[in-house]
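Each remark here refers to the structure printed beneath this line.
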Amino acid sequence: MSDTRRRVKVYTLNEDRQWDDRGTGHVSSTYVEELKGMSLLVRAESDGSLLLESKINPNTAYQKQQDTLIVWSEAENYDLALSFQEKAGCDEIWEKICQVQGKDPSVEVTQDLIDESEEERFEEMPETSHLIDLPACELSKLEEIADLVTSVLSSPIRREKLALALENEGYIKKLLQLFQACENLENTEGLHHLYEIIRGILFLNKATLFEEDEKFLSEVFAQLTDEATDDDKRRELVNFFKEFCAFSQTLQPQNRDAFFKTLAKLGILPALEIVMGMDDLQVRSAATDIFSYLVEFSPSMVREFVMQEAQQSDDDVLLINVVIEQMICDTDPELGGAVQLMGLLRTLIDPENMLATTNKTEKSEFLNFFYNHCMHVLTAPLLTNTSEDKCEKVDFNFFFKDNMLGSNTTNTICPDNYQTAQLLALILELLTFCVEHHTYHIKNYIMNKDLLRRVLVLMNSKHTFLALCALRFMRRIIGLKDEFYNRYITKGNLFEPVINALLDNGTRYNLLNSAVIELFEFIRVEDIKSLTAHIVENFYKALESIEYVQTFKGLKTKYEQEKDRQNQKLNSVPSILRSNRFRRDAKALEEDEEMWFNEDDDEEGKAVITPVEKSKTEDDFPDSYEKFMETKKAKESEDKENLPKRASSGGFKFTFSHSPSATNGTNSTNSKSVVSQTTPASSNVASSKTTSLATSVTATKGNLVGLVDYPDDEEEDEEEESSPRKRPRLGS
């Protein structure tokens, strides 16, 4: 929840000397690079848009009134006020202002106010009297015009007079005509003077001077996207818009809003879509900067455009997919452009800045669009670089010659160079963000694509930072403490690559070691029972020698305590209920899991999500989580019928490989298995149970089968009594 101390209303004084409410938001003071100084920023609490961006000028007079009000004036007698919800917040911002101006916070006015009689005289002047005389708008007068504009900027009164003169004489259009003449004549000196003139006019901060010539701008957009435009001309045009957008950051919010809305109306987004796909690196870079200004101004405007575009265009040409492809194809060795684009994508998919109205929910609509049309483009490099044919098996026997863990150790290494590893790390950062903020959509996608298994292949990367990104992705999933995720992890045996990485790391004390230990410590502290049982039953023998932390012994203790509680609870139940207790049949469980995919999470809105479209590179993955579960159950039944004979003595075998067949959650010839413990088997575990299923069935109602004698129940009980722990399944 946001700090209420910084909650404010923004007011501006209108022409009738009345205060207009500009909106409610939260204020902060921070250094703004474009303004070259500490500034006051107010972001709307409704959508995060910028209500106010005002540099704290060392010479501006700020007044503190009534303990919760700060008032000041800016250009052209533009009066502003911040009304705070709490006095403490007002005091904090007042101290920041006084600190910048070198004043004692105990004062109520930071500067001497302008002489009131001078202000009154200025207000009484007729609009057309004593205006500044402008030179004739001719090529020969450009230097004189530039000097005049520059000279008035230090005086608020002269700035106002110049603005009125420019407006009354239609001077801006005349300057634009001179600009065209200088372009045609290649008059470089004249163009430099025009730059200074236009720059000075923009600094006047006069709203009426900012009315865009729509015909002119439309022509510029047309030239920008025309294939016949030469590269130098296009580069100049896109840089013009970039500088225009950069300068807009110095304007007051209402003027800046009008500027960007005009650009949007004239088609800046379709133009950027074309320009960002061009070969010229400078053009693409400038277009990316413009796109960042638009996203910062209004993420909702960009989202609305791409959703409308999806109704008329193929996925390949959608603006967001163009952005993703530019991120993936960044040629910079340090991926500077990719990092910038990744930040923009994160802003666009962030539910915190999505709007919700009574008629529609932008959150559910956009996330449906993104996961159906864009997610496969984002994950394509990850899925490609973790596919079986991109990896190789490497013999690691020399690491374990004297180790009790066995001599059949292999591992899977991805052929990832440094730049590829950086790109995959960026993609994982975005996917981790999705896990934290897109509850239902990302869960559906992960299970459909068996995405976590593919991510964990990167635990074997030679780049430690990439392995840590993969581990962080799993850590965020486990941090949700969601039993759907937990079952997916345990049935797929997805702790295996993590434990392999821990064992491969040996006794080295480094960041990877600490991150893995923290993952298991979280499971222990949060007492996630299903994961604790899975870890202890399948991996404890490989982990019990780790004694420099008590994490794994603590997990074993938690496991045994829970087992004792379950046994006590079982012993307190009458024997007839113990052997004939109610159970849900397999069909009911399958229906429950299917129902989960047909219901949207409350946090994601009420819209029903269509199945995520299958990636062209992922034909080997299950189409849905239901198929995943059905295939797994069928395989488990087959394995139970064809269990191999158990060895007479226990032992450990390590095999490392990767195969899509592991998607089914079973161990196959190509699936990974860290450690399998063998224990003596009872010779007649099931022989005495062959007739027990024929015992009385008293009733069946709904999905519950009542008082049925299940042979597996007693079999499990006998195995628990005859063995200190459940024997994990062996990799064949």
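So you can find residues: chains in the structure tokens are A, B, ... in the order shown, residues in each start at 1, and ligands are numbered from 1 in order.
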
For region 186-197 of chain A, find every residue with an atom within 8 Å (counting only C-alpha atoms), except residues of its own chain fewer than 3 positions away, and show them as a count of residues only.
13

So that I can see what lies close to Leu318 (chain A), please list as a ChimeraX atom specification the residues with an atom at most 12 Å from it, counting only C-alpha atoms and leaving out residues fewer than 4 positions away in the same chain.
/A:269-270,272-274,276-277,302-303,305-314,322-325,369-370,373-374,377

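Taking CA of Met474 (chain A) and CA of Leu456 (chain A) as the two end points, the separation is 8.1 Å.
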
Which residue gives the smallest distance to Leu263 (chain A) among A:Glu167, A:Asp279, A:Asp226, A:Glu214, with only C-alpha atoms counted?
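Under the stated criterion, the closest residue is A:Glu214.
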
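Of the residues listed (A:Asn513, A:Gln561, A:Thr68, A:Gln282), A:Gln282 shows the shortest atom-to-atom separation from Gly337 (chain A); distances use only C-alpha atoms.
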
Find, counting only C-alpha atoms, the residue in A:Glu144, A:Tyr78, A:Gln568, A:Phe203 that gets nearest to Trp19 (chain A).
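Closest residue, counting only C-alpha atoms: A:Tyr78.
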
Using Å and a single decimal, report how far CA of Lys481 (chain A) sits from CA of His437 (chain A).
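Result for CA of His437 (chain A) versus CA of Lys481 (chain A): 14.5 Å, one decimal.
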
Write out as a ChimeraX atom specification which residues come within 8 Å of region 49-53 of chain A when counting only C-alpha atoms, dropping same-chain ones fewer than 2 positions away.
/A:10,22-23,25,39-44,47,55,250,252-253,296-298

Smallest atom-to-atom distance to Ile489 (chain A): which of A:Thr229, A:Ser530, A:Asn239, A:Thr557, using only C-alpha atoms?
A:Ser530

For Gln101 (chain A), list every protein, DNA or RNA residue within 9 Å, evaluated using only C-alpha atoms, and leave out those in the same chain fewer than 6 positions away; present the list as a PDB file with all heavy atoms, in the first residue's frame.
```pdb
ATOM      1  N   ILE A  56      12.836  21.966  -8.937  1.00  0.00           N
ATOM      2  CA  ILE A  56      12.927  22.876  -7.785  1.00  0.00           C
ATOM      3  C   ILE A  56      13.954  23.943  -8.126  1.00  0.00           C
ATOM      4  O   ILE A  56      15.166  23.729  -8.035  1.00  0.00           O
ATOM      5  CB  ILE A  56      13.321  22.124  -6.501  1.00  0.00           C
ATOM      6  CG1 ILE A  56      12.315  21.010  -6.209  1.00  0.00           C
ATOM      7  CG2 ILE A  56      13.406  23.091  -5.319  1.00  0.00           C
ATOM      8  CD1 ILE A  56      12.682  20.150  -5.006  1.00  0.00           C
ATOM      9  N   ASN A  57      13.452  25.088  -8.575  1.00  0.00           N
ATOM     10  CA  ASN A  57      14.327  26.172  -9.016  1.00  0.00           C
ATOM     11  C   ASN A  57      14.893  26.904  -7.804  1.00  0.00           C
ATOM     12  O   ASN A  57      14.150  27.272  -6.887  1.00  0.00           O
ATOM     13  CB  ASN A  57      13.520  27.140  -9.895  1.00  0.00           C
ATOM     14  CG  ASN A  57      14.410  28.093 -10.650  1.00  0.00           C
ATOM     15  OD1 ASN A  57      15.281  28.733 -10.072  1.00  0.00           O
ATOM     16  ND2 ASN A  57      14.186  28.208 -11.948  1.00  0.00           N
ATOM     17  N   PRO A  58      16.212  27.117  -7.778  1.00  0.00           N
ATOM     18  CA  PRO A  58      16.819  27.792  -6.612  1.00  0.00           C
ATOM     19  C   PRO A  58      16.278  29.191  -6.357  1.00  0.00           C
ATOM     20  O   PRO A  58      16.359  29.695  -5.237  1.00  0.00           O
ATOM     21  CB  PRO A  58      18.312  27.842  -6.978  1.00  0.00           C
ATOM     22  CG  PRO A  58      18.499  26.752  -7.970  1.00  0.00           C
ATOM     23  CD  PRO A  58      17.232  26.680  -8.746  1.00  0.00           C
ATOM     24  N   ASN A  59      15.699  29.829  -7.382  1.00  0.00           N
ATOM     25  CA  ASN A  59      15.231  31.208  -7.237  1.00  0.00           C
ATOM     26  C   ASN A  59      13.716  31.335  -7.174  1.00  0.00           C
ATOM     27  O   ASN A  59      13.191  32.442  -7.093  1.00  0.00           O
ATOM     28  CB  ASN A  59      15.756  32.054  -8.406  1.00  0.00           C
ATOM     29  CG  ASN A  59      17.270  32.080  -8.466  1.00  0.00           C
ATOM     30  OD1 ASN A  59      17.931  32.220  -7.441  1.00  0.00           O
ATOM     31  ND2 ASN A  59      17.827  31.920  -9.657  1.00  0.00           N
ATOM     32  N   THR A  60      13.002  30.229  -7.229  1.00  0.00           N
ATOM     33  CA  THR A  60      11.543  30.286  -7.171  1.00  0.00           C
ATOM     34  C   THR A  60      11.076  30.432  -5.729  1.00  0.00           C
ATOM     35  O   THR A  60      11.611  29.794  -4.816  1.00  0.00           O
ATOM     36  CB  THR A  60      10.933  29.007  -7.788  1.00  0.00           C
ATOM     37  OG1 THR A  60      11.283  28.955  -9.170  1.00  0.00           O
ATOM     38  CG2 THR A  60       9.417  29.010  -7.657  1.00  0.00           C
ATOM     39  N   THR A 110      10.313  30.790   0.888  1.00  0.00           N
ATOM     40  CA  THR A 110      11.738  30.565   0.646  1.00  0.00           C
ATOM     41  C   THR A 110      12.432  31.734  -0.033  1.00  0.00           C
ATOM     42  O   THR A 110      13.649  31.846   0.045  1.00  0.00           O
ATOM     43  CB  THR A 110      11.929  29.310  -0.231  1.00  0.00           C
ATOM     44  OG1 THR A 110      11.288  29.517  -1.492  1.00  0.00           O
ATOM     45  CG2 THR A 110      11.346  28.080   0.440  1.00  0.00           C
ATOM     46  N   GLN A 111      11.696  32.597  -0.735  1.00  0.00           N
ATOM     47  CA  GLN A 111      12.289  33.731  -1.450  1.00  0.00           C
ATOM     48  C   GLN A 111      11.401  34.947  -1.276  1.00  0.00           C
ATOM     49  O   GLN A 111      10.206  34.833  -0.975  1.00  0.00           O
ATOM     50  CB  GLN A 111      12.426  33.425  -2.953  1.00  0.00           C
ATOM     51  CG  GLN A 111      13.215  32.175  -3.290  1.00  0.00           C
ATOM     52  CD  GLN A 111      14.701  32.351  -3.086  1.00  0.00           C
ATOM     53  OE1 GLN A 111      15.201  33.486  -3.047  1.00  0.00           O
ATOM     54  NE2 GLN A 111      15.410  31.244  -2.938  1.00  0.00           N
TER      55      GLN A 111
END
```

Which polymer residues have any atom within 12 Å of an atom of Glu518 (chain A), counting only C-alpha atoms, with same-chain residues fewer than 4 positions away left out, as a PDB file with N, CA, C and O atoms, in the first residue's frame?
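What follows is the written file result-v2.pdb:
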```
ATOM      1  N   LEU A 471      17.577 -20.610 -11.333  1.00  0.00           N
ATOM      2  CA  LEU A 471      17.223 -20.966  -9.961  1.00  0.00           C
ATOM      3  C   LEU A 471      16.244 -19.953  -9.371  1.00  0.00           C
ATOM      4  O   LEU A 471      15.302 -20.316  -8.651  1.00  0.00           O
ATOM      5  N   ARG A 472      16.440 -18.673  -9.699  1.00  0.00           N
ATOM      6  CA  ARG A 472      15.539 -17.633  -9.194  1.00  0.00           C
ATOM      7  C   ARG A 472      14.120 -17.832  -9.724  1.00  0.00           C
ATOM      8  O   ARG A 472      13.138 -17.606  -9.023  1.00  0.00           O
ATOM      9  N   ARG A 475      12.668 -20.470  -7.697  1.00  0.00           N
ATOM     10  CA  ARG A 475      12.454 -19.964  -6.323  1.00  0.00           C
ATOM     11  C   ARG A 475      11.185 -19.125  -6.231  1.00  0.00           C
ATOM     12  O   ARG A 475      10.444 -19.204  -5.238  1.00  0.00           O
ATOM     13  N   ILE A 478       8.202 -21.558  -6.219  1.00  0.00           N
ATOM     14  CA  ILE A 478       8.040 -22.208  -4.917  1.00  0.00           C
ATOM     15  C   ILE A 478       7.582 -21.206  -3.875  1.00  0.00           C
ATOM     16  O   ILE A 478       6.804 -21.538  -2.967  1.00  0.00           O
ATOM     17  N   GLY A 479       8.033 -19.955  -4.009  1.00  0.00           N
ATOM     18  CA  GLY A 479       7.641 -18.930  -3.051  1.00  0.00           C
ATOM     19  C   GLY A 479       6.151 -18.657  -3.024  1.00  0.00           C
ATOM     20  O   GLY A 479       5.626 -18.132  -2.039  1.00  0.00           O
ATOM     21  N   VAL A 498      18.558 -29.100  -9.672  1.00  0.00           N
ATOM     22  CA  VAL A 498      19.025 -28.182  -8.627  1.00  0.00           C
ATOM     23  C   VAL A 498      19.989 -28.894  -7.695  1.00  0.00           C
ATOM     24  O   VAL A 498      21.047 -28.365  -7.333  1.00  0.00           O
ATOM     25  N   LEU A 502      24.051 -28.387  -6.925  1.00  0.00           N
ATOM     26  CA  LEU A 502      24.626 -28.265  -5.581  1.00  0.00           C
ATOM     27  C   LEU A 502      25.761 -29.257  -5.392  1.00  0.00           C
ATOM     28  O   LEU A 502      26.832 -28.912  -4.874  1.00  0.00           O
ATOM     29  N   LEU A 511      27.979 -17.936  -4.525  1.00  0.00           N
ATOM     30  CA  LEU A 511      26.604 -17.456  -4.620  1.00  0.00           C
ATOM     31  C   LEU A 511      25.645 -18.574  -5.018  1.00  0.00           C
ATOM     32  O   LEU A 511      24.515 -18.643  -4.514  1.00  0.00           O
ATOM     33  N   LEU A 512      26.076 -19.444  -5.921  1.00  0.00           N
ATOM     34  CA  LEU A 512      25.220 -20.557  -6.328  1.00  0.00           C
ATOM     35  C   LEU A 512      24.909 -21.463  -5.140  1.00  0.00           C
ATOM     36  O   LEU A 512      23.753 -21.858  -4.923  1.00  0.00           O
ATOM     37  N   ASN A 513      25.930 -21.774  -4.363  1.00  0.00           N
ATOM     38  CA  ASN A 513      25.721 -22.609  -3.173  1.00  0.00           C
ATOM     39  C   ASN A 513      24.728 -21.964  -2.216  1.00  0.00           C
ATOM     40  O   ASN A 513      23.782 -22.612  -1.738  1.00  0.00           O
ATOM     41  N   SER A 514      24.905 -20.673  -1.967  1.00  0.00           N
ATOM     42  CA  SER A 514      24.024 -19.974  -1.024  1.00  0.00           C
ATOM     43  C   SER A 514      22.590 -19.919  -1.527  1.00  0.00           C
ATOM     44  O   SER A 514      21.639 -20.075  -0.761  1.00  0.00           O
ATOM     45  N   PHE A 522      13.980 -22.163   2.710  1.00  0.00           N
ATOM     46  CA  PHE A 522      12.628 -21.599   2.614  1.00  0.00           C
ATOM     47  C   PHE A 522      11.576 -22.701   2.747  1.00  0.00           C
ATOM     48  O   PHE A 522      10.573 -22.539   3.445  1.00  0.00           O
ATOM     49  N   ILE A 523      11.803 -23.810   2.066  1.00  0.00           N
ATOM     50  CA  ILE A 523      10.862 -24.929   2.145  1.00  0.00           C
ATOM     51  C   ILE A 523      10.764 -25.437   3.574  1.00  0.00           C
ATOM     52  O   ILE A 523       9.672 -25.759   4.070  1.00  0.00           O
ATOM     53  N   ARG A 524      11.905 -25.489   4.252  1.00  0.00           N
ATOM     54  CA  ARG A 524      11.899 -25.969   5.645  1.00  0.00           C
ATOM     55  C   ARG A 524      11.174 -24.996   6.569  1.00  0.00           C
ATOM     56  O   ARG A 524      10.296 -25.385   7.343  1.00  0.00           O
ATOM     57  N   VAL A 525      11.523 -23.704   6.467  1.00  0.00           N
ATOM     58  CA  VAL A 525      10.934 -22.705   7.371  1.00  0.00           C
ATOM     59  C   VAL A 525       9.432 -22.572   7.133  1.00  0.00           C
ATOM     60  O   VAL A 525       8.645 -22.482   8.078  1.00  0.00           O
ATOM     61  N   GLU A 526       9.023 -22.570   5.860  1.00  0.00           N
ATOM     62  CA  GLU A 526       7.603 -22.438   5.543  1.00  0.00           C
ATOM     63  C   GLU A 526       6.841 -23.749   5.703  1.00  0.00           C
ATOM     64  O   GLU A 526       5.622 -23.774   5.575  1.00  0.00           O
ATOM     65  N   VAL A 549      25.471 -26.695   7.055  1.00  0.00           N
ATOM     66  CA  VAL A 549      24.197 -26.079   7.412  1.00  0.00           C
ATOM     67  C   VAL A 549      23.287 -27.185   7.918  1.00  0.00           C
ATOM     68  O   VAL A 549      23.472 -28.358   7.598  1.00  0.00           O
ATOM     69  N   GLN A 550      22.289 -26.811   8.699  1.00  0.00           N
ATOM     70  CA  GLN A 550      21.375 -27.797   9.265  1.00  0.00           C
ATOM     71  C   GLN A 550      20.090 -27.921   8.457  1.00  0.00           C
ATOM     72  O   GLN A 550      19.123 -28.525   8.911  1.00  0.00           O
ATOM     73  N   THR A 551      20.097 -27.341   7.261  1.00  0.00           N
ATOM     74  CA  THR A 551      18.878 -27.294   6.446  1.00  0.00           C
ATOM     75  C   THR A 551      18.324 -28.681   6.149  1.00  0.00           C
ATOM     76  O   THR A 551      17.132 -28.957   6.345  1.00  0.00           O
ATOM     77  N   PHE A 552      19.177 -29.568   5.669  1.00  0.00           N
ATOM     78  CA  PHE A 552      18.682 -30.867   5.217  1.00  0.00           C
ATOM     79  C   PHE A 552      18.321 -31.780   6.385  1.00  0.00           C
ATOM     80  O   PHE A 552      17.350 -32.536   6.301  1.00  0.00           O
TER      81      PHE A 552
END
```
